[in-house]
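Asker: Following this message is one structure expressed as structure tokens.
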Amino acid sequence: MSDNQNLLAEQRRALILDEVRRRGGVRVNELTRKLNVSDMTVRRDLDALARLGVLEKVHGGAVPVAEASTYEPGFEAKSGLELTAKEDIAKAAAAMVTPGTAIGLAGGTTAFALAQQLLEVPDLTVVTNSVRVADVFYNAQRSAALGGAAPRPGAATVVLTGGVRTPSDTLVGPVADAAVRSLHFDVLFLGVHGISAEAGLSTPNLAEAETNRHFVRSARRVVVVADHTKWGTVGLSSFASLEQVDALVTDPGLPVGARAEIAEYLPELVVAGEPVGTVSHT
């Protein structure tokens with residue numbers, strides 16, 4: 001299958017998932033007409049989304065998964081969703097990073113995508129509680145060394161907190177909290193499970209919420225990196241209000257109404273992939 005075919009499949013599945021969540025369920029024949037593809041293609045897409053645990057197949061169609069506020073999908077399940085949006089968000093967020101600064105990168109698949117974009121930014125100090133994020137930097141340095149290359153000038157200094165590992169491959173708990181609490185970041189990039197006007201930033205994991213609170217308190221500037229599906233989602237524990245966030249980097253799928261609501265709280269909204277680029281609110 002070509003890269004273009006992969007991209008088309010990814011876009012179809014994102015549209016299907018949006019439709020299921022928006023309407024509370026869809027039928028296969030409705031999707032075939034809407035997407036102009038065969039029944040077999042739609043059924044394969046539904047199978048793929050069901051394996052990720054983001055919808056449930058029923059006779060003739062699909063319905064949303066009934067998620068409790070404590071439900072926390074694993075890294076692999078989340079990494080298969082909104083791939084193009086996450087890549088665009090990561091590129092836009094990376095453009096906000098100044099060489100030579102100290103940044104915090106909390107866990108999550110969007111932070112993982114951002115880490116890949118930061119490899120060429122020189123002289124960064126990166127503090128993270130994400131095993132996956134740390135691996136991005138470590139593997140890049142290891143690959144260069146195995147290839148016989150000299151250490152790249154300006155390669156990032158990476159600090160991985162200790163702690164207890166979550167399903168999202170983040171490290172949380174007292175050890176992680178103590179490490180983060182003792183540091184100060186120029187900017188924190190934070191992926192979230194959910195974001196809403198009422199609940200702010202939230203996660204289904206109580207220990208992760210506490211670690212994230214320390215991240216937020218230790219940062220001079222807080223930037224949330226989250227695709228549009230996170231808007232309106234509420235996890236068990238809130239760890240920051242929208243007033244504590246300086247900027248949100250998201251994708252064009254964020255509804256107009258949500259953008260207007262966000263503008264009431266955040267000084268900056270960046271919609272990655274739109275021609276306008278950055279929209280600032282004061």
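Ordered as shown in the structure tokens, chains take letters A, B, and onward, while each chain numbers its residues from 1 and ligands are numbered from 1 in the order shown.
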Could you tell me, as a tab-separated table (two decimals) with N, CA, C and O atoms, in the first residue's frame, which residues of segment 89-168 of chain A DSSP assigns to strand (DSSP E or B) when given the backbone?
Answerer:
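Wrote it out as out-v3.tsv, contents follow:
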```tsv
chain	number	residue	atom	x	y	z
A	102	ALA	N	15.17	25.65	28.08
A	102	ALA	CA	14.80	24.47	28.86
A	102	ALA	C	13.31	24.25	28.69
A	102	ALA	O	12.51	25.16	28.95
A	103	ILE	N	12.94	23.07	28.22
A	103	ILE	CA	11.53	22.80	27.99
A	103	ILE	C	11.09	21.55	28.76
A	103	ILE	O	11.89	20.65	28.99
A	104	GLY	N	9.85	21.54	29.15
A	104	GLY	CA	9.23	20.35	29.71
A	104	GLY	C	8.38	19.70	28.64
A	104	GLY	O	7.70	20.39	27.88
A	105	LEU	N	8.43	18.38	28.59
A	105	LEU	CA	7.60	17.62	27.65
A	105	LEU	C	6.89	16.54	28.45
A	105	LEU	O	7.47	15.52	28.79
A	125	THR	N	17.52	21.75	26.61
A	125	THR	CA	17.45	20.88	27.78
A	125	THR	C	16.01	20.42	27.88
A	125	THR	O	15.09	21.25	28.00
A	126	VAL	N	15.79	19.12	27.79
A	126	VAL	CA	14.44	18.56	27.75
A	126	VAL	C	14.21	17.74	29.01
A	126	VAL	O	14.94	16.77	29.28
A	127	VAL	N	13.21	18.12	29.77
A	127	VAL	CA	12.80	17.35	30.94
A	127	VAL	C	11.48	16.67	30.62
A	127	VAL	O	10.52	17.34	30.20
A	128	THR	N	11.43	15.38	30.78
A	128	THR	CA	10.22	14.65	30.42
A	128	THR	C	9.94	13.52	31.40
A	128	THR	O	10.88	12.98	32.02
A	130	SER	N	8.08	11.05	30.09
A	130	SER	CA	7.63	10.09	29.08
A	130	SER	C	8.79	9.22	28.62
A	130	SER	O	9.77	9.73	28.06
A	157	THR	N	20.12	17.87	25.76
A	157	THR	CA	20.34	17.22	27.04
A	157	THR	C	18.98	16.78	27.56
A	157	THR	O	18.07	17.60	27.69
A	158	VAL	N	18.83	15.49	27.84
A	158	VAL	CA	17.52	14.95	28.21
A	158	VAL	C	17.53	14.46	29.65
A	158	VAL	O	18.43	13.71	30.06
A	159	VAL	N	16.55	14.90	30.42
A	159	VAL	CA	16.39	14.46	31.80
A	159	VAL	C	15.08	13.70	31.88
A	159	VAL	O	14.00	14.26	31.63
A	160	LEU	N	15.15	12.41	32.21
A	160	LEU	CA	13.96	11.58	32.37
A	160	LEU	C	13.69	11.39	33.85
A	160	LEU	O	14.53	10.88	34.59
A	164	VAL	N	6.50	5.75	38.60
A	164	VAL	CA	5.73	4.56	38.28
A	164	VAL	C	5.14	4.72	36.88
A	164	VAL	O	4.57	5.76	36.56
A	165	ARG	N	5.24	3.70	36.07
A	165	ARG	CA	4.83	3.78	34.67
A	165	ARG	C	3.32	3.59	34.54
A	165	ARG	O	2.74	2.69	35.14
```
Asker: For Glu198 of chain A, work out the shell of residues within 10 Å, counting only C-alpha atoms and skipping chain neighbours fewer than 5 positions away, then give it as a list in words.
Answerer: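 Near Glu198 of chain A, the qualifying residues are Gly232, Val234, Ser238, Ser241 and Leu242 of chain A.
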Asker: Hey, which of A:Val97, A:Leu17, A:Ala178, A:Ala115 ends up closest to Leu46 of chain A? Count only C-alpha atoms.
Answerer: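 Smallest distance to Leu46 of chain A is found for A:Leu17.
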Asker: If you measure from atom CA of Gln11 of chain A to atom CA of Val256 of chain A, what distance in Å do you get, rounded to one decimal?
Answerer: 20.3 Å
Asker: Go ahead and compute the interatomic distance for atom CA of Gly61 of chain A and atom CA of Val28 of chain A, in Å to one decimal.
Answerer: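 Atom-to-atom, atom CA of Gly61 of chain A to atom CA of Val28 of chain A, that is 4.9 Å.
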Asker: Just to confirm, what's the straight-line distance from atom CA of His193 of chain A to atom CA of Ala240 of chain A in Å (one decimal)?
Answerer: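 Atom CA of His193 of chain A sits 12.3 Å away from atom CA of Ala240 of chain A.
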Asker: Tell me, as a list of chain:residue names, which residues lie within 8 Å of Val192 of chain A, counting only C-alpha atoms; anything in the same chain fewer than 5 positions away does not count.
Answerer: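 The contact residues come out as A:Gly108, A:Leu201, A:Ser202, A:Thr203, A:Val224, A:Val225, A:Ala226, A:Lys230.
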Asker: Would you mind exporting the chosen residues as a compact mmCIF listing (two decimals), in the first residue's frame, restricted to N, CA, C and O atoms?
Answerer:
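part27.txt was written with the following content:
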```txt
# COMPACT_ATOMS: atom_id res chain seq x y z
N GLY A 108 2.47 11.54 26.38
CA GLY A 108 1.38 11.50 25.43
C GLY A 108 1.88 11.34 24.01
O GLY A 108 3.06 11.57 23.71
N LEU A 201 -8.01 21.22 32.12
CA LEU A 201 -7.22 20.09 31.63
C LEU A 201 -7.42 18.92 32.58
O LEU A 201 -7.33 19.08 33.80
N SER A 202 -7.67 17.73 32.03
CA SER A 202 -7.97 16.59 32.90
C SER A 202 -7.37 15.30 32.37
O SER A 202 -7.02 15.18 31.19
N THR A 203 -7.27 14.33 33.26
CA THR A 203 -6.72 13.01 32.96
C THR A 203 -7.46 11.97 33.78
O THR A 203 -7.96 12.29 34.88
N VAL A 224 -0.48 23.84 25.53
CA VAL A 224 -1.17 22.56 25.39
C VAL A 224 -1.15 22.16 23.92
O VAL A 224 -1.47 22.97 23.04
N VAL A 225 -0.75 20.92 23.65
CA VAL A 225 -0.77 20.37 22.29
C VAL A 225 -1.82 19.27 22.28
O VAL A 225 -1.67 18.23 22.90
N ALA A 226 -2.92 19.51 21.57
CA ALA A 226 -4.05 18.57 21.62
C ALA A 226 -4.88 18.67 20.35
O ALA A 226 -5.24 19.77 19.92
N LYS A 230 -9.96 16.13 21.67
CA LYS A 230 -9.80 16.25 23.12
C LYS A 230 -10.73 17.30 23.71
O LYS A 230 -10.97 17.31 24.92
```
Asker: Give the alpha helix (DSSP H) residues of segment 148-271 of chain A, as assigned by DSSP on the backbone, as a VMD selection string.
Answerer: chain A and resid 174 to 181 206 to 217 256 to 263
Asker: Selection from above, C-alpha atoms, as a CSV table (one decimal), in the first residue's frame, can you write it?
Answerer:
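This went into selection-v7.csv:
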```csv
chain,number,residue,atom,x,y,z
A,174,PRO,CA,6.3,10.9,44.3
A,175,VAL,CA,9.7,10.4,42.6
A,176,ALA,CA,8.5,12.1,39.4
A,177,ASP,CA,6.8,14.8,41.4
A,178,ALA,CA,10.0,15.6,43.3
A,179,ALA,CA,12.1,15.8,40.2
A,180,VAL,CA,9.7,18.1,38.4
A,181,ARG,CA,9.1,20.3,41.5
A,206,LEU,CA,-4.9,10.6,39.6
A,207,ALA,CA,-1.2,10.2,40.0
A,208,GLU,CA,-0.6,11.6,36.5
A,209,ALA,CA,-2.8,14.6,37.4
A,210,GLU,CA,-0.6,15.4,40.4
A,211,THR,CA,2.6,15.1,38.3
A,212,ASN,CA,1.1,17.4,35.7
A,213,ARG,CA,0.2,20.0,38.4
A,214,HIS,CA,3.9,20.2,39.2
A,215,PHE,CA,4.8,20.5,35.6
A,216,VAL,CA,2.4,23.5,35.2
A,217,ARG,CA,3.7,25.2,38.3
A,256,VAL,CA,-15.9,27.3,15.4
A,257,GLY,CA,-17.9,27.4,18.6
A,258,ALA,CA,-15.1,25.8,20.6
A,259,ARG,CA,-12.6,28.3,19.2
A,260,ALA,CA,-14.8,31.2,20.3
A,261,GLU,CA,-15.1,29.6,23.8
A,262,ILE,CA,-11.4,29.1,24.0
A,263,ALA,CA,-10.7,32.7,23.0
```
Asker: Report as an MDAnalysis selection string all protein, DNA and RNA residues lying within 10 Å of Glu30 of chain A, evaluated on only C-alpha atoms, omitting residues in the same chain fewer than 5 positions from it.
Answerer: chainID A and resid 35:36 39 42 60:61
